[in-house]
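Next comes query_11.cif, a file with mmCIF, C-alpha atoms.
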```
data_protein
#
loop_
_atom_site.label_atom_id
_atom_site.label_comp_id
_atom_site.auth_asym_id
_atom_site.auth_seq_id
_atom_site.Cartn_x
_atom_site.Cartn_y
_atom_site.Cartn_z
CA MET O 1 86.10 -26.28 -95.03
CA SER O 2 83.59 -28.07 -92.81
CA ASN O 3 81.12 -30.93 -93.13
CA LEU O 4 77.33 -30.44 -93.22
CA LEU O 5 74.70 -32.97 -92.11
CA ILE O 6 71.23 -32.28 -93.53
CA PHE O 7 68.25 -33.65 -91.60
CA GLY O 8 65.59 -34.62 -94.13
CA ALA O 9 66.08 -35.77 -97.73
CA GLY O 10 62.65 -34.98 -99.17
CA GLY O 11 61.87 -32.31 -101.74
CA HIS O 12 62.81 -29.52 -99.36
CA GLY O 13 66.05 -31.30 -98.51
CA LYS O 14 66.91 -31.55 -102.21
CA VAL O 15 66.63 -27.81 -102.65
CA VAL O 16 68.57 -27.17 -99.45
CA SER O 17 71.37 -29.50 -100.54
CA GLU O 18 71.75 -27.73 -103.88
CA ILE O 19 72.01 -24.37 -102.13
CA ALA O 20 74.67 -25.83 -99.85
CA LEU O 21 76.61 -27.14 -102.85
CA LEU O 22 76.47 -23.78 -104.61
CA SER O 23 78.13 -22.09 -101.65
CA ASN O 24 81.35 -24.07 -102.24
CA PHE O 25 81.87 -23.88 -98.48
CA TRP O 26 81.33 -27.50 -97.47
CA LYS O 27 83.95 -30.21 -97.74
CA ASN O 28 81.35 -32.96 -97.35
CA ILE O 29 77.52 -32.96 -97.33
CA ALA O 30 75.36 -35.90 -96.24
CA PHE O 31 71.74 -36.60 -95.28
CA LEU O 32 69.93 -38.30 -92.46
CA ASP O 33 66.39 -39.47 -93.29
CA ASP O 34 63.95 -42.02 -91.88
CA ARG O 35 62.84 -43.55 -95.18
CA GLU O 36 63.96 -47.11 -95.87
CA ASP O 37 63.90 -46.95 -99.68
CA LEU O 38 66.65 -44.35 -100.21
CA ASN O 39 70.41 -44.57 -100.08
CA GLU O 40 71.19 -41.24 -101.72
CA VAL O 41 69.55 -38.10 -103.12
CA LEU O 42 71.17 -36.06 -105.90
CA ASN O 43 74.31 -38.18 -105.46
CA ILE O 44 74.51 -37.19 -101.77
CA SER O 45 74.61 -40.15 -99.40
CA ILE O 46 71.99 -40.85 -96.75
CA LEU O 47 74.06 -42.07 -93.83
CA GLY O 48 71.29 -43.14 -91.48
CA LYS O 49 68.05 -42.17 -89.77
CA LEU O 50 67.33 -38.87 -88.05
CA ASN O 51 67.88 -40.27 -84.57
CA ASP O 52 71.30 -41.63 -85.56
CA TYR O 53 72.84 -38.16 -85.31
CA ASN O 54 75.03 -39.07 -82.32
CA TYR O 55 77.06 -41.42 -84.52
CA PHE O 56 78.08 -38.53 -86.77
CA LYS O 57 78.82 -35.74 -84.30
CA GLN O 58 82.58 -36.07 -84.58
CA ASN O 59 82.61 -35.90 -88.38
CA PHE O 60 79.91 -33.29 -88.90
CA GLN O 61 80.23 -30.06 -86.93
CA TYR O 62 77.39 -28.33 -88.78
CA ALA O 63 73.77 -29.39 -89.24
CA PHE O 64 70.77 -28.09 -91.14
CA VAL O 65 67.19 -29.21 -90.50
CA ALA O 66 65.35 -29.55 -93.83
CA ILE O 67 61.94 -30.47 -92.41
CA GLY O 68 58.90 -28.60 -93.67
CA ASN O 69 56.81 -28.81 -90.51
CA ASN O 70 57.55 -25.55 -88.70
CA LYS O 71 57.24 -26.73 -85.11
CA LEU O 72 59.06 -29.99 -85.75
CA ARG O 73 61.87 -28.14 -87.49
CA LEU O 74 62.35 -25.88 -84.47
CA LYS O 75 62.31 -28.85 -82.09
CA TRP O 76 65.10 -30.51 -84.05
CA ILE O 77 67.11 -27.29 -84.18
CA GLU O 78 66.82 -26.93 -80.41
CA LEU O 79 67.81 -30.56 -79.82
CA LEU O 80 70.77 -30.50 -82.18
CA SER O 81 72.03 -27.20 -80.78
CA LYS O 82 72.01 -28.70 -77.30
CA GLU O 83 73.91 -31.72 -78.66
CA GLY O 84 76.69 -29.44 -79.88
CA PHE O 85 75.94 -29.05 -83.59
CA ILE O 86 76.31 -25.61 -85.15
CA MET O 87 73.17 -24.69 -87.11
CA ALA O 88 74.09 -23.61 -90.63
CA THR O 89 72.39 -20.71 -92.42
CA LEU O 90 72.06 -21.33 -96.16
CA ILE O 91 71.59 -18.53 -98.68
CA HIS O 92 71.24 -19.03 -102.42
CA PRO O 93 73.74 -16.94 -104.41
CA PHE O 94 70.91 -15.67 -106.63
CA SER O 95 69.01 -14.06 -103.76
CA SER O 96 69.25 -10.40 -102.74
CA ILE O 97 69.67 -9.59 -99.06
CA SER O 98 70.20 -6.11 -97.64
CA LYS O 99 73.39 -5.67 -95.64
CA SER O 100 71.27 -4.10 -92.87
CA SER O 101 69.03 -7.16 -92.50
CA THR O 102 69.77 -10.17 -90.29
CA ILE O 103 69.16 -13.87 -90.91
CA GLY O 104 68.88 -16.32 -88.00
CA GLU O 105 70.68 -19.64 -87.70
CA GLY O 106 69.09 -22.64 -89.36
CA THR O 107 67.28 -20.46 -91.92
CA VAL O 108 67.38 -21.03 -95.69
CA VAL O 109 66.93 -18.28 -98.29
CA MET O 110 66.16 -19.68 -101.73
CA ALA O 111 66.76 -18.51 -105.29
CA GLY O 112 65.22 -15.23 -106.39
CA SER O 113 64.24 -14.08 -102.91
CA VAL O 114 64.60 -10.41 -101.97
CA ILE O 115 65.01 -9.26 -98.36
CA ASN O 116 65.16 -5.50 -97.97
CA ALA O 117 66.62 -3.06 -95.45
CA ASP O 118 66.42 -3.57 -91.68
CA THR O 119 64.42 -6.79 -91.89
CA ARG O 120 64.92 -9.40 -89.17
CA ILE O 121 64.52 -13.08 -90.05
CA GLY O 122 64.45 -15.47 -87.10
CA ARG O 123 65.78 -18.93 -86.44
CA GLY O 124 64.78 -21.91 -88.56
CA CYS O 125 62.81 -20.00 -91.18
CA ILE O 126 62.18 -20.95 -94.81
CA ILE O 127 62.31 -18.04 -97.26
CA ASN O 128 61.22 -19.80 -100.40
CA THR O 129 61.79 -19.22 -104.10
CA SER O 130 61.11 -15.75 -105.55
CA SER O 131 59.55 -14.32 -102.40
CA SER O 132 59.82 -10.63 -101.51
CA ILE O 133 60.17 -9.27 -97.98
CA ASP O 134 60.29 -5.50 -97.81
CA HIS O 135 61.96 -3.11 -95.36
CA ASP O 136 61.64 -3.30 -91.57
CA CYS O 137 59.83 -6.63 -91.45
CA SER O 138 60.19 -9.00 -88.50
CA LEU O 139 59.77 -12.74 -89.02
CA LYS O 140 60.05 -14.71 -85.80
CA ASP O 141 61.32 -18.29 -85.43
CA GLY O 142 60.04 -21.11 -87.62
CA VAL O 143 58.17 -18.97 -90.17
CA HIS O 144 57.71 -20.43 -93.66
CA ILE O 145 57.40 -17.98 -96.55
CA SER O 146 56.31 -19.98 -99.62
CA PRO O 147 57.28 -19.30 -103.25
CA GLY O 148 55.99 -16.04 -104.69
CA VAL O 149 54.91 -14.48 -101.38
CA ASN O 150 55.07 -10.68 -101.12
CA LEU O 151 55.34 -8.90 -97.77
CA GLY O 152 55.05 -5.11 -97.64
CA GLY O 153 57.15 -2.98 -95.34
CA THR O 154 56.98 -3.27 -91.54
CA VAL O 155 55.15 -6.60 -91.48
CA THR O 156 55.54 -8.75 -88.36
CA ILE O 157 54.93 -12.51 -88.46
CA ASP O 158 55.08 -14.48 -85.22
CA ASN O 159 56.47 -17.95 -84.59
CA CYS O 160 55.66 -20.92 -86.82
CA SER O 161 53.27 -19.17 -89.19
CA TRP O 162 53.06 -20.22 -92.81
CA ALA O 163 52.40 -17.93 -95.80
CA GLY O 164 51.12 -20.06 -98.68
CA ILE O 165 52.16 -19.74 -102.31
CA GLY O 166 51.46 -16.34 -103.83
CA SER O 167 49.96 -14.79 -100.71
CA SER O 168 50.50 -11.09 -100.03
CA VAL O 169 50.52 -8.88 -96.93
CA ILE O 170 50.21 -5.10 -97.12
CA ASN O 171 52.38 -2.71 -95.11
CA ASN O 172 52.22 -2.39 -91.31
CA ILE O 173 50.40 -5.66 -90.61
CA THR O 174 50.94 -7.99 -87.65
CA ILE O 175 50.29 -11.72 -88.07
CA GLY O 176 50.15 -13.96 -85.01
CA SER O 177 51.77 -17.32 -84.32
CA ASN O 178 50.68 -20.63 -85.91
CA VAL O 179 48.77 -18.81 -88.64
CA VAL O 180 48.18 -20.25 -92.12
CA LEU O 181 47.77 -17.83 -95.02
CA ALA O 182 46.12 -19.78 -97.83
CA ALA O 183 47.61 -19.66 -101.30
CA GLY O 184 46.81 -16.35 -102.98
CA ALA O 185 45.42 -14.70 -99.85
CA VAL O 186 45.71 -10.91 -99.61
CA VAL O 187 46.04 -9.77 -96.00
CA ASN O 188 45.04 -6.17 -95.26
CA LYS O 189 44.38 -6.35 -91.51
CA ASN O 190 46.04 -7.85 -88.45
CA ILE O 191 45.60 -11.61 -87.94
CA PRO O 192 45.39 -13.27 -84.48
CA ASP O 193 47.12 -16.49 -83.43
CA ASN O 194 46.06 -20.00 -84.49
CA VAL O 195 43.84 -19.29 -87.49
CA MET O 196 43.73 -20.05 -91.20
CA VAL O 197 42.83 -17.14 -93.46
CA ALA O 198 41.98 -17.11 -97.17
CA GLY O 199 40.56 -14.87 -99.86
CA ILE O 200 40.86 -11.33 -101.19
CA PRO O 201 40.82 -9.66 -98.76
CA ALA O 202 41.75 -12.49 -96.40
CA THR O 203 39.22 -13.48 -93.75
CA ILE O 204 39.40 -16.06 -90.99
CA LYS O 205 38.11 -19.45 -92.17
CA LYS O 206 38.88 -21.67 -89.19
CA GLN O 207 40.91 -22.18 -86.06
CA VAL O 208 44.07 -24.28 -86.43
CA GLY O 209 46.33 -26.11 -84.04
CA VAL O 210 49.68 -27.62 -84.98
CA ILE O 211 50.57 -26.76 -88.56
CA GLU O 212 51.50 -29.76 -90.67
CA ASN O 213 53.30 -28.56 -93.81
CA ASP O 214 55.84 -30.69 -95.61
#
```
Could you show the structure in this file as structure tokens?
Amino acid sequence: MSNLLIFGAGGHGKVVSEIALLSNFWKNIAFLDDREDLNEVLNISILGKLNDYNYFKQNFQYAFVAIGNNKLRLKWIELLSKEGFIMATLIHPFSSISKSSTIGEGTVVMAGSVINADTRIGRGCIINTSSSIDHDCSLKDGVHISPGVNLGGTVTIDNCSWAGIGSSVINNITIGSNVVLAAGAVVNKNIPDNVMVAGIPATIKKQVGVIEND
């Protein structure tokens, strides 16, 4: 059994830590977080701040970045990988994942999620509660699929895009990078990079830059 260091002890970190505990794989789990007012979360100790990771490299071989911001999460994954940490992949036991699909390092798959045949999930993704990803989809690095999202077959989503709660994408759609799908949006046509879309059917509402989602 190995030790796991989780970067970020907010709401997302809580869920991640419970998934890690359910796996019964980790000998010891601890957090790093920058807040001053916390010493522990869910009886799991906060050992220090995010930038204190060097002090814990000998005791924690594995790390998981539980930061909601897509681009920031990927930056931390890249940094920690270069520093010698192994990026854990965390999968809730009550999810359903096809044996022919692949899940990238640093990705979390939460309770009730379904990932069907020949789907490729990239590095540092969040596949949130009760989401459905059908066959032959391709989610690139840093994608966040929120609770209750439904993706049809052969959907491609590029780096760091965010599908809001309850949004849906029909079959054979390509969504660019840094895209925000608003909650409840229904996407029935391809979406370019760096836009926010909303509505039924979804239409472009504005251009976006860096996505800030916690």
Pick out the residues sitting within 6 Å of Phe31 of chain O, and hand them over as a PyMOL selection string; count all atoms listed in the file, and ignore anything fewer than 5 positions along from it in its own chain. chain O and resi 5-7+46
Using all atoms listed in the file, what does the table of segment 42-123 of chain O residues within 12 Å of segment 196-212 of chain O look like, with each row giving the shortest atom pair and its distance in Å to one decimal, sorted by chain and ascending number, as JSON lines?
```
{"residue": "O:Ile67", "atom": "CA", "partner": "O:Glu212", "partner_atom": "CA", "distance": 10.6}
{"residue": "O:Gly68", "atom": "CA", "partner": "O:Glu212", "partner_atom": "CA", "distance": 8.1}
{"residue": "O:Asn69", "atom": "CA", "partner": "O:Glu212", "partner_atom": "CA", "distance": 5.4}
{"residue": "O:Asn70", "atom": "CA", "partner": "O:Ile211", "partner_atom": "CA", "distance": 7.1}
{"residue": "O:Lys71", "atom": "CA", "partner": "O:Ile211", "partner_atom": "CA", "distance": 7.5}
{"residue": "O:Leu72", "atom": "CA", "partner": "O:Glu212", "partner_atom": "CA", "distance": 9.0}
{"residue": "O:Arg73", "atom": "CA", "partner": "O:Glu212", "partner_atom": "CA", "distance": 11.0}
```
At a cut-off of 10 Å, using all atoms listed in the file, what residues contact Val108 of chain O? Leave out same-chain residues fewer than 3 positions from it and give the result as number ranges by chain. O: 15-16, 19-20, 64-66, 88-92, 103-105, 111, 123-128, 144
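Computed from the coordinates, the atom CA of Ser132 of chain O to atom CA of Ser113 of chain O distance equals 5.8 Å.
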Taking 5 positions as the minimum chain separation for residues in the same chain, which residues sit within 10 Å of Lys99 of chain O when counting all atoms listed in the file? Answer as a PDB file with C-alpha atoms, in the coordinates of the input.
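Saved as result_35.pdb:
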```
ATOM      1  CA  ILE O 115      65.010  -9.260 -98.360  1.00  0.00           C
ATOM      2  CA  ASN O 116      65.160  -5.500 -97.970  1.00  0.00           C
ATOM      3  CA  ALA O 117      66.620  -3.060 -95.450  1.00  0.00           C
ATOM      4  CA  ASP O 118      66.420  -3.570 -91.680  1.00  0.00           C
ATOM      5  CA  THR O 119      64.420  -6.790 -91.890  1.00  0.00           C
TER       6      THR O 119
END
```
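For the choices O:Lys49, O:Asn172, O:Gly8, O:Gly153, the atom-to-atom distance to Ala63 of chain O is smallest for O:Gly8 when using all atoms listed in the file.
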I need the output of the PyMOL selection byres ((chain O and resi 166) around 6) for this file as a PyMOL selection string; which residues are they? chain O and resi 148-149+165+167+183-184
One decimal place gives the atom CA of Val179 of chain O-atom CA of Leu32 of chain O separation as 29.0 Å
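Here atom CA of Ile77 of chain O stands at a distance of 13.4 Å from atom CA of Cys160 of chain O.
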Excluding Cys137 of chain O and any residue of its chain fewer than 3 positions from it, enumerate the residues within 12 Å of it, using all atoms listed in the file, and give them as an MDAnalysis selection string. chainID O and resid 100:103 115:122 132:134 140 150:158 169:175
Take the residues from that selection and put them in a file with C-alpha atoms, as a short mmCIF file (atom, residue, chain, number, x, y, z; two decimals), keeping the file's coordinate frame.
```
data_model
loop_
_atom_site.label_atom_id
_atom_site.label_comp_id
_atom_site.auth_asym_id
_atom_site.auth_seq_id
_atom_site.Cartn_x
_atom_site.Cartn_y
_atom_site.Cartn_z
CA SER O 100 71.27 -4.10 -92.87
CA SER O 101 69.03 -7.16 -92.50
CA THR O 102 69.77 -10.17 -90.29
CA ILE O 103 69.16 -13.87 -90.91
CA ILE O 115 65.01 -9.26 -98.36
CA ASN O 116 65.16 -5.50 -97.97
CA ALA O 117 66.62 -3.06 -95.45
CA ASP O 118 66.42 -3.57 -91.68
CA THR O 119 64.42 -6.79 -91.89
CA ARG O 120 64.92 -9.40 -89.17
CA ILE O 121 64.52 -13.08 -90.05
CA GLY O 122 64.45 -15.47 -87.10
CA SER O 132 59.82 -10.63 -101.51
CA ILE O 133 60.17 -9.27 -97.98
CA ASP O 134 60.29 -5.50 -97.81
CA LYS O 140 60.05 -14.71 -85.80
CA ASN O 150 55.07 -10.68 -101.12
CA LEU O 151 55.34 -8.90 -97.77
CA GLY O 152 55.05 -5.11 -97.64
CA GLY O 153 57.15 -2.98 -95.34
CA THR O 154 56.98 -3.27 -91.54
CA VAL O 155 55.15 -6.60 -91.48
CA THR O 156 55.54 -8.75 -88.36
CA ILE O 157 54.93 -12.51 -88.46
CA ASP O 158 55.08 -14.48 -85.22
CA VAL O 169 50.52 -8.88 -96.93
CA ILE O 170 50.21 -5.10 -97.12
CA ASN O 171 52.38 -2.71 -95.11
CA ASN O 172 52.22 -2.39 -91.31
CA ILE O 173 50.40 -5.66 -90.61
CA THR O 174 50.94 -7.99 -87.65
CA ILE O 175 50.29 -11.72 -88.07
#
```
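Residue nearest Leu21 of chain O, chosen from O:Gly48, O:Pro93, O:Glu40, O:Glu78 and counting all atoms listed in the file: O:Pro93.
In terms of minimum interatomic distance to Phe85 of chain O, O:Asn3 ranks closest within O:Ser146, O:Asn39, O:Ser138, O:Asn3, counting all atoms listed in the file.
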Can you work out which one of O:Asn190, O:Ser161, O:Gln61, O:Ser17 has the shortest atom-to-atom distance to Ser2 of chain O, counting all atoms listed in the file? O:Gln61
Residue with smallest distance to Leu42 of chain O - pool O:Glu18, O:Lys57, O:Pro192, O:Lys27, counting all atoms listed in the file: O:Glu18
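Between Ala30 of chain O and the candidates O:His135, O:Lys189, O:Lys14, O:Lys82, the tightest atom-to-atom separation, counting only C-alpha atoms, involves O:Lys14.
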Which protein, DNA or RNA residues have an atom at most 6 Å from (67.1, -14.5, -105.0), counting only C-alpha atoms? List them as JSON, numbers by chain. {"O": [94, 95, 96, 111, 112, 113, 114]}
